[in-house]
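K.L.:
Here it is, the structure in full.
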Amino acid sequence: MFPGHHLMCPRAPFDIPGLTAEEIQARVLHRDGLMLVIDKPAGLPVHRGPKGGANIEASFDGLRFGLPRPPVLAHRLDKDTSGCLVLGRHRKATASLGLLFKHGKDFKDLLAVVEGGPAEDEGTIDMPLGRLNEERGWWQKPDPDGQKAVTNWKVCGRGDGLCWLALEPVTGPHPSTARAPPQRPAGRSSATISTAPARRFGEPVLHLHSSRAIGIPISRNKEPVHVVAPAPEHMHARLRACGWNGE
């Protein structure tokens, strides 16, 4: 994020077991005929990895709710992040959701705790991002020829050497997906950005609640569906240190 101000994250990989049907059903935040929104826990990947292991998709059979097929991912969240995860309940809905996410028609905000913090209280990160490599296409790096990526950020609170940030992606991927040395953005913020989190705090999991709230305009004749995922328990103590009141 910011120079010398690193996302709280693990010293070693953190894994949690897969979810039972009852556990994943308890994480449903929204359900209608087109889609589901679930509260993804940190530490659990959305896909099965090359070495196997627990993953969110393995539990989707418990989310049929009377339909002949389980739901399908409409987008992805990184393993170490938590937040609203959207699933399409049938092929047509999944295709429509995929287009919304592809063209940035959804809107969401993120919540993060970093060590230190920017001098300013708000700003904009304007930093084109490209793929870090083909194997991990969702990992990004600063690239002047890459996809335009703009994220607004605002300081919500400070305390105990920590900073609580709200981030609003405007277009393209957001910098929390990047793995790179410090860069200077071309946007309104004068802060330098470092998107490579330091693994030195011995924390249980990354302090990034990706998609804390999400809005999805899935139906043309209806208002967008708004869903909020509660802050995960592992972030509570440091959020409170920054002035969070639990809401």
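For the structure tokens, the naming scheme is as follows: chains receive sequential letters (A, B, ...) according to their order of presentation, residues are indexed from 1 within each chain, and ligands are indexed from 1 in presentation order.
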Can you pull out every residue within 10 Å of Leu19 of chain A, counting only C-alpha atoms, but drop anything in the same chain fewer than 4 positions away, and send it as a list in words?
P.N.:
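Residues meeting the cut-off are Glu23, Ile24, Gln25, Arg27, Pro41, Leu44, Ala54, Asn55, Ile56, Glu57, Ala58, Ser59, Phe60 and Gly62 of chain A.
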K.L.:
Identify, on the basis of only C-alpha atoms, every residue whose closest approach to segment 221-238 of chain A does not exceed 6 Å; exclude the query and any residue fewer than 4 positions from it along the same chain; express the result as a list of chain:residue names.
P.N.:
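Close residues of segment 221-238 of chain A: A:Asp39, A:Gly83, A:Cys84, A:Arg212, A:Ala213, A:Ile214, A:Gly215, A:Ile216, A:Pro217.
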K.L.:
Would you export the selected residues with N, CA, C and O atoms as a PDB file, in the first residue's frame, please?
P.N.:
ATOM      1  N   ASP A  39     -20.412 -14.879   2.394  1.00  0.00           N
ATOM      2  CA  ASP A  39     -19.337 -14.228   3.137  1.00  0.00           C
ATOM      3  C   ASP A  39     -18.122 -15.164   3.115  1.00  0.00           C
ATOM      4  O   ASP A  39     -18.049 -16.108   3.890  1.00  0.00           O
ATOM      5  N   GLY A  83     -14.762 -11.456   2.440  1.00  0.00           N
ATOM      6  CA  GLY A  83     -15.744 -10.514   1.920  1.00  0.00           C
ATOM      7  C   GLY A  83     -16.803 -11.148   1.043  1.00  0.00           C
ATOM      8  O   GLY A  83     -16.915 -12.377   0.945  1.00  0.00           O
ATOM      9  N   CYS A  84     -17.593 -10.295   0.394  1.00  0.00           N
ATOM     10  CA  CYS A  84     -18.723 -10.729  -0.428  1.00  0.00           C
ATOM     11  C   CYS A  84     -18.241 -11.466  -1.675  1.00  0.00           C
ATOM     12  O   CYS A  84     -17.497 -10.905  -2.481  1.00  0.00           O
ATOM     13  N   ARG A 212     -16.082  -5.609   1.225  1.00  0.00           N
ATOM     14  CA  ARG A 212     -16.865  -5.456   2.460  1.00  0.00           C
ATOM     15  C   ARG A 212     -18.328  -5.220   2.100  1.00  0.00           C
ATOM     16  O   ARG A 212     -19.240  -5.756   2.723  1.00  0.00           O
ATOM     17  N   ALA A 213     -18.538  -4.376   1.104  1.00  0.00           N
ATOM     18  CA  ALA A 213     -19.890  -4.118   0.609  1.00  0.00           C
ATOM     19  C   ALA A 213     -19.855  -4.155  -0.910  1.00  0.00           C
ATOM     20  O   ALA A 213     -18.866  -3.769  -1.523  1.00  0.00           O
ATOM     21  N   ILE A 214     -20.941  -4.636  -1.494  1.00  0.00           N
ATOM     22  CA  ILE A 214     -20.983  -4.752  -2.946  1.00  0.00           C
ATOM     23  C   ILE A 214     -22.381  -4.396  -3.452  1.00  0.00           C
ATOM     24  O   ILE A 214     -23.382  -4.640  -2.754  1.00  0.00           O
ATOM     25  N   GLY A 215     -22.431  -3.759  -4.611  1.00  0.00           N
ATOM     26  CA  GLY A 215     -23.694  -3.454  -5.263  1.00  0.00           C
ATOM     27  C   GLY A 215     -23.709  -4.063  -6.649  1.00  0.00           C
ATOM     28  O   GLY A 215     -22.760  -3.897  -7.413  1.00  0.00           O
ATOM     29  N   ILE A 216     -24.764  -4.785  -6.971  1.00  0.00           N
ATOM     30  CA  ILE A 216     -24.828  -5.540  -8.221  1.00  0.00           C
ATOM     31  C   ILE A 216     -26.113  -5.197  -8.974  1.00  0.00           C
ATOM     32  O   ILE A 216     -27.206  -5.575  -8.539  1.00  0.00           O
ATOM     33  N   PRO A 217     -26.010  -4.498 -10.114  1.00  0.00           N
ATOM     34  CA  PRO A 217     -27.202  -4.168 -10.905  1.00  0.00           C
ATOM     35  C   PRO A 217     -27.596  -5.323 -11.817  1.00  0.00           C
ATOM     36  O   PRO A 217     -27.509  -5.238 -13.045  1.00  0.00           O
TER      37      PRO A 217
END
K.L.:
I need the residues in segment 47-155 of chain A that are strand (DSSP E or B) according to DSSP; give them as a ChimeraX atom specification.
P.N.:
/A:49,52,72-73,82-88,107-115,122-126,129-131,140-142,147,150-155
K.L.:
Would you export the selected residues with N, CA and C atoms as a CSV table (one decimal), in the first residue's frame, please?
P.N.:
chain,number,residue,atom,x,y,z
A,49,GLY,N,-6.6,-26.0,-5.8
A,49,GLY,CA,-5.2,-25.7,-6.3
A,49,GLY,C,-4.6,-26.9,-6.9
A,52,GLY,N,-4.3,-29.8,-4.7
A,52,GLY,CA,-5.5,-30.1,-4.0
A,52,GLY,C,-5.8,-29.2,-2.8
A,72,VAL,N,-22.3,-21.2,-9.5
A,72,VAL,CA,-21.0,-21.0,-10.1
A,72,VAL,C,-20.4,-19.7,-9.7
A,73,LEU,N,-19.1,-19.6,-9.6
A,73,LEU,CA,-18.4,-18.4,-9.2
A,73,LEU,C,-18.6,-17.3,-10.3
A,82,SER,N,-11.1,-11.8,2.7
A,82,SER,CA,-12.5,-12.1,3.0
A,82,SER,C,-13.5,-11.2,2.3
A,83,GLY,N,-14.8,-11.5,2.4
A,83,GLY,CA,-15.7,-10.5,1.9
A,83,GLY,C,-16.8,-11.1,1.0
A,84,CYS,N,-17.6,-10.3,0.4
A,84,CYS,CA,-18.7,-10.7,-0.4
A,84,CYS,C,-18.2,-11.5,-1.7
A,85,LEU,N,-18.7,-12.7,-1.8
A,85,LEU,CA,-18.4,-13.5,-3.0
A,85,LEU,C,-19.7,-13.8,-3.7
A,86,VAL,N,-19.8,-13.5,-5.0
A,86,VAL,CA,-21.0,-13.6,-5.8
A,86,VAL,C,-21.0,-14.8,-6.6
A,87,LEU,N,-22.1,-15.6,-6.6
A,87,LEU,CA,-22.3,-16.8,-7.3
A,87,LEU,C,-23.6,-16.7,-8.2
A,88,GLY,N,-23.4,-17.2,-9.4
A,88,GLY,CA,-24.6,-17.3,-10.3
A,88,GLY,C,-25.3,-18.6,-10.1
A,107,PHE,N,-20.2,-2.3,-8.1
A,107,PHE,CA,-19.5,-1.3,-7.2
A,107,PHE,C,-19.3,-1.9,-5.8
A,108,LYS,N,-18.1,-1.6,-5.3
A,108,LYS,CA,-17.8,-2.2,-4.0
A,108,LYS,C,-16.8,-1.4,-3.3
A,109,ASP,N,-16.7,-1.6,-2.0
A,109,ASP,CA,-15.6,-1.0,-1.2
A,109,ASP,C,-14.9,-2.0,-0.4
A,110,LEU,N,-13.7,-1.7,0.0
A,110,LEU,CA,-12.8,-2.6,0.7
A,110,LEU,C,-12.4,-2.0,2.0
A,111,LEU,N,-11.9,-2.8,2.9
A,111,LEU,CA,-11.5,-2.4,4.2
A,111,LEU,C,-10.2,-3.0,4.5
A,112,ALA,N,-9.2,-2.2,5.0
A,112,ALA,CA,-7.9,-2.7,5.2
A,112,ALA,C,-7.3,-2.1,6.5
A,113,VAL,N,-6.4,-2.8,7.1
A,113,VAL,CA,-5.6,-2.2,8.3
A,113,VAL,C,-4.2,-2.3,7.8
A,114,VAL,N,-3.4,-1.2,7.9
A,114,VAL,CA,-2.0,-1.2,7.5
A,114,VAL,C,-1.2,-0.6,8.7
A,115,GLU,N,0.0,-1.0,8.7
A,115,GLU,CA,1.0,-0.5,9.7
A,115,GLU,C,1.4,0.9,9.2
A,122,GLU,N,-7.0,11.3,2.5
A,122,GLU,CA,-7.7,10.6,1.3
A,122,GLU,C,-6.9,10.9,0.1
A,123,GLY,N,-7.2,10.1,-0.9
A,123,GLY,CA,-6.5,10.3,-2.2
A,123,GLY,C,-6.9,9.3,-3.2
A,124,THR,N,-6.2,9.2,-4.3
A,124,THR,CA,-6.5,8.3,-5.4
A,124,THR,C,-5.2,7.6,-5.9
A,125,ILE,N,-5.3,6.3,-6.1
A,125,ILE,CA,-4.2,5.5,-6.7
A,125,ILE,C,-4.5,5.4,-8.1
A,126,ASP,N,-3.7,5.9,-9.0
A,126,ASP,CA,-3.9,5.7,-10.4
A,126,ASP,C,-2.6,5.1,-11.0
A,129,LEU,N,-2.0,-1.6,-14.2
A,129,LEU,CA,-1.5,-2.9,-13.7
A,129,LEU,C,-1.6,-4.0,-14.8
A,130,GLY,N,-0.5,-4.8,-14.9
A,130,GLY,CA,-0.5,-5.9,-15.8
A,130,GLY,C,-0.3,-7.2,-15.1
A,131,ARG,N,-0.4,-8.3,-15.8
A,131,ARG,CA,-0.2,-9.6,-15.1
A,131,ARG,C,1.2,-9.8,-14.7
A,140,GLN,N,-1.1,-9.0,-10.0
A,140,GLN,CA,-0.7,-7.9,-10.9
A,140,GLN,C,0.6,-7.3,-10.5
A,141,LYS,N,1.1,-6.5,-11.5
A,141,LYS,CA,2.3,-5.7,-11.2
A,141,LYS,C,2.1,-4.3,-11.9
A,142,PRO,N,2.7,-3.3,-11.4
A,142,PRO,CA,2.7,-2.0,-12.1
A,142,PRO,C,3.2,-2.1,-13.5
A,147,GLN,N,-3.5,-2.6,-17.7
A,147,GLN,CA,-4.9,-2.2,-17.6
A,147,GLN,C,-5.0,-1.0,-16.7
A,150,VAL,N,-7.7,2.4,-11.2
A,150,VAL,CA,-7.9,3.6,-10.3
A,150,VAL,C,-8.7,3.2,-9.1
A,151,THR,N,-8.2,3.5,-7.9
A,151,THR,CA,-8.8,3.2,-6.7
A,151,THR,C,-8.8,4.5,-5.8
A,152,ASN,N,-9.9,4.9,-5.3
A,152,ASN,CA,-10.0,6.0,-4.3
A,152,ASN,C,-9.8,5.4,-2.9
A,153,TRP,N,-9.1,6.1,-2.0
A,153,TRP,CA,-8.9,5.6,-0.7
A,153,TRP,C,-9.1,6.7,0.3
A,154,LYS,N,-9.5,6.3,1.5
A,154,LYS,CA,-9.8,7.3,2.6
A,154,LYS,C,-9.4,6.7,4.0
A,155,VAL,N,-8.8,7.5,4.8
A,155,VAL,CA,-8.4,7.1,6.1
A,155,VAL,C,-9.7,7.2,7.0
K.L.:
With distances taken over only C-alpha atoms, which residue among A:Met127, A:Cys156, A:Ala166, A:Pro68 lies nearest Cys242 of chain A?
P.N.:
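Answer, going by the shortest atom-to-atom distance: A:Cys156.
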K.L.:
Which of segment 36-179 of chain A counts as helix (DSSP H, G or I) under DSSP, as a PyMOL selection string please?
P.N.:
chain A and resi 57-63+91-102+175-177
K.L.:
Output N, CA and C atoms for every residue in that selection, as a CSV table (one decimal), in the first residue's frame.
P.N.:
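And here's selection-v5.csv as it stands now:
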chain,number,residue,atom,x,y,z
A,57,GLU,N,-15.3,-23.8,-3.6
A,57,GLU,CA,-16.1,-24.5,-4.6
A,57,GLU,C,-16.5,-25.9,-4.2
A,58,ALA,N,-15.7,-26.5,-3.4
A,58,ALA,CA,-16.0,-27.9,-3.0
A,58,ALA,C,-17.3,-28.0,-2.2
A,59,SER,N,-17.7,-26.8,-1.6
A,59,SER,CA,-18.9,-26.8,-0.8
A,59,SER,C,-20.2,-26.3,-1.5
A,60,PHE,N,-20.1,-26.0,-2.8
A,60,PHE,CA,-21.2,-25.4,-3.5
A,60,PHE,C,-22.4,-26.3,-3.6
A,61,ASP,N,-22.2,-27.6,-3.5
A,61,ASP,CA,-23.3,-28.5,-3.6
A,61,ASP,C,-24.4,-28.2,-2.5
A,62,GLY,N,-23.9,-27.7,-1.4
A,62,GLY,CA,-24.8,-27.4,-0.3
A,62,GLY,C,-25.5,-26.1,-0.5
A,63,LEU,N,-25.3,-25.4,-1.7
A,63,LEU,CA,-26.0,-24.2,-2.0
A,63,LEU,C,-27.0,-24.3,-3.2
A,91,ARG,N,-26.9,-20.8,-15.7
A,91,ARG,CA,-26.0,-20.3,-16.7
A,91,ARG,C,-26.2,-18.9,-17.2
A,92,LYS,N,-27.5,-18.6,-17.4
A,92,LYS,CA,-27.8,-17.2,-17.9
A,92,LYS,C,-27.4,-16.2,-16.9
A,93,ALA,N,-27.8,-16.4,-15.6
A,93,ALA,CA,-27.4,-15.5,-14.6
A,93,ALA,C,-25.9,-15.3,-14.4
A,94,THR,N,-25.2,-16.5,-14.5
A,94,THR,CA,-23.7,-16.4,-14.3
A,94,THR,C,-23.1,-15.7,-15.5
A,95,ALA,N,-23.6,-15.8,-16.7
A,95,ALA,CA,-23.1,-15.1,-17.8
A,95,ALA,C,-23.3,-13.6,-17.7
A,96,SER,N,-24.5,-13.2,-17.2
A,96,SER,CA,-24.8,-11.8,-17.0
A,96,SER,C,-23.9,-11.2,-15.9
A,97,LEU,N,-23.7,-11.9,-14.8
A,97,LEU,CA,-22.9,-11.5,-13.7
A,97,LEU,C,-21.4,-11.3,-14.2
A,98,GLY,N,-21.0,-12.3,-15.0
A,98,GLY,CA,-19.6,-12.2,-15.5
A,98,GLY,C,-19.4,-11.0,-16.3
A,99,LEU,N,-20.4,-10.6,-17.1
A,99,LEU,CA,-20.2,-9.4,-17.9
A,99,LEU,C,-20.2,-8.1,-17.0
A,100,LEU,N,-21.0,-8.1,-16.0
A,100,LEU,CA,-21.0,-7.0,-15.0
A,100,LEU,C,-19.7,-6.8,-14.4
A,101,PHE,N,-19.1,-7.9,-13.9
A,101,PHE,CA,-17.8,-7.8,-13.3
A,101,PHE,C,-16.7,-7.5,-14.3
A,102,LYS,N,-16.8,-8.0,-15.5
A,102,LYS,CA,-15.8,-7.8,-16.5
A,102,LYS,C,-15.7,-6.3,-16.9
A,175,PRO,N,-5.0,-2.2,-6.2
A,175,PRO,CA,-3.7,-2.5,-5.9
A,175,PRO,C,-3.4,-3.7,-4.9
A,176,SER,N,-4.4,-4.1,-4.2
A,176,SER,CA,-4.2,-5.2,-3.3
A,176,SER,C,-4.0,-6.5,-4.0
A,177,THR,N,-4.2,-6.6,-5.3
A,177,THR,CA,-3.9,-7.8,-6.1
A,177,THR,C,-2.5,-7.7,-6.6
K.L.:
What's the separation between atom CA of Ala74 of chain A and atom CA of His209 of chain A, in Å to one decimal place?
P.N.:
18.3 Å
K.L.:
Do you have the atom CA of Arg69 of chain A-atom CA of Lys40 of chain A distance handy?
P.N.:
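Going from atom CA of Arg69 of chain A over to atom CA of Lys40 of chain A covers 20.4 Å.
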K.L.:
Rounded to one decimal, what separation in Å do you get between atom CA of Asp78 of chain A and atom CA of Gly161 of chain A?
P.N.:
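Atom-to-atom, atom CA of Asp78 of chain A and atom CA of Gly161 of chain A are spaced 26.2 Å apart.
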